Amino acid sequence: MRSWRPVSEDCSPPSALRLPGDTVARSRPQAAGSRLPARRSQEVAGTPRAERLDRVIHERLRLAIVSALAVNDALTFKELKNLLRATDGNLSVHARKLEDAGYVTGTKTFEGRIPRTTYRLTVTGRRALDRYLDHMEAVIRAARSD
């Protein structure tokens, strides 16, 4: 059985100033003559941070689902599955995450004995996609201006 070392004094304590994605360990001073480049600041005044992206939408398949629903009034599970070339399990997990966030609604009906789930983008989902796209455009502009 592996034993864990106690937290060393080199680790910084939790802080309200730290943002998600920041490291816990303190950085060590760089040795003189080191060939490693100095770290650039993660945020320059006025530029967006990648950590502030909407993580619900940022995942590839969820972004694809929201994008497909943004240009269609509604899509069935089968239509989304074929359009995105996703497996049943993968699509259902990601659609559920979007439903839990309030970005899409899924309505289940039956055609005979066959279930049919239809998804629609909600107003909240449309706003979230617009914010996400605005943020990505700002990230791209900032990266191109460097």
# chains A, B, ... in the order shown; residues from 1 in each chain; ligands from 1

call {"tool": "residues_around", "arguments": {"residues": "stretch 110-117 of chain A", "least_positions_apart": "4", "cutoff": "7 Å", "atoms": "only C-alpha atoms", "output": "ChimeraX atom specification"}}
result
/A:76-77,106

call {"tool": "write_last_selection", "arguments": {"atoms": "N, CA and C atoms", "output": "tab-separated table (two decimals), in the first residue's frame"}}
result
chain	number	residue	atom	x	y	z
A	76	THR	N	-34.49	15.36	-33.27
A	76	THR	CA	-34.71	14.15	-32.48
A	76	THR	C	-33.35	13.58	-32.09
A	77	PHE	N	-33.39	12.67	-31.12
A	77	PHE	CA	-32.17	12.00	-30.68
A	77	PHE	C	-31.50	11.32	-31.87
A	106	GLY	N	-35.49	18.28	-23.44
A	106	GLY	CA	-35.74	17.03	-24.13
A	106	GLY	C	-37.15	16.58	-23.81

call {"tool": "residues_around", "arguments": {"residues": "A:Glu99", "least_positions_apart": "4", "cutoff": "10 Å", "atoms": "only C-alpha atoms", "output": "PyMOL selection string"}}
result
chain A and resi 93-95+103-106+119-122+125

call {"tool": "atom_distance", "arguments": {"atom1": "atom CA of A:Ala101", "atom2": "atom CA of A:Thr118"}}
result
17.0 Å

call {"tool": "closest_residue", "arguments": {"among": "A:Lys108, A:Arg131, A:Arg62, A:Arg141", "to": "A:Asn90", "atoms": "only C-alpha atoms"}}
result
A:Arg62

call {"tool": "atom_distance", "arguments": {"atom1": "atom CA of A:Ser67", "atom2": "atom CA of A:Leu98"}}
result
12.1 Å
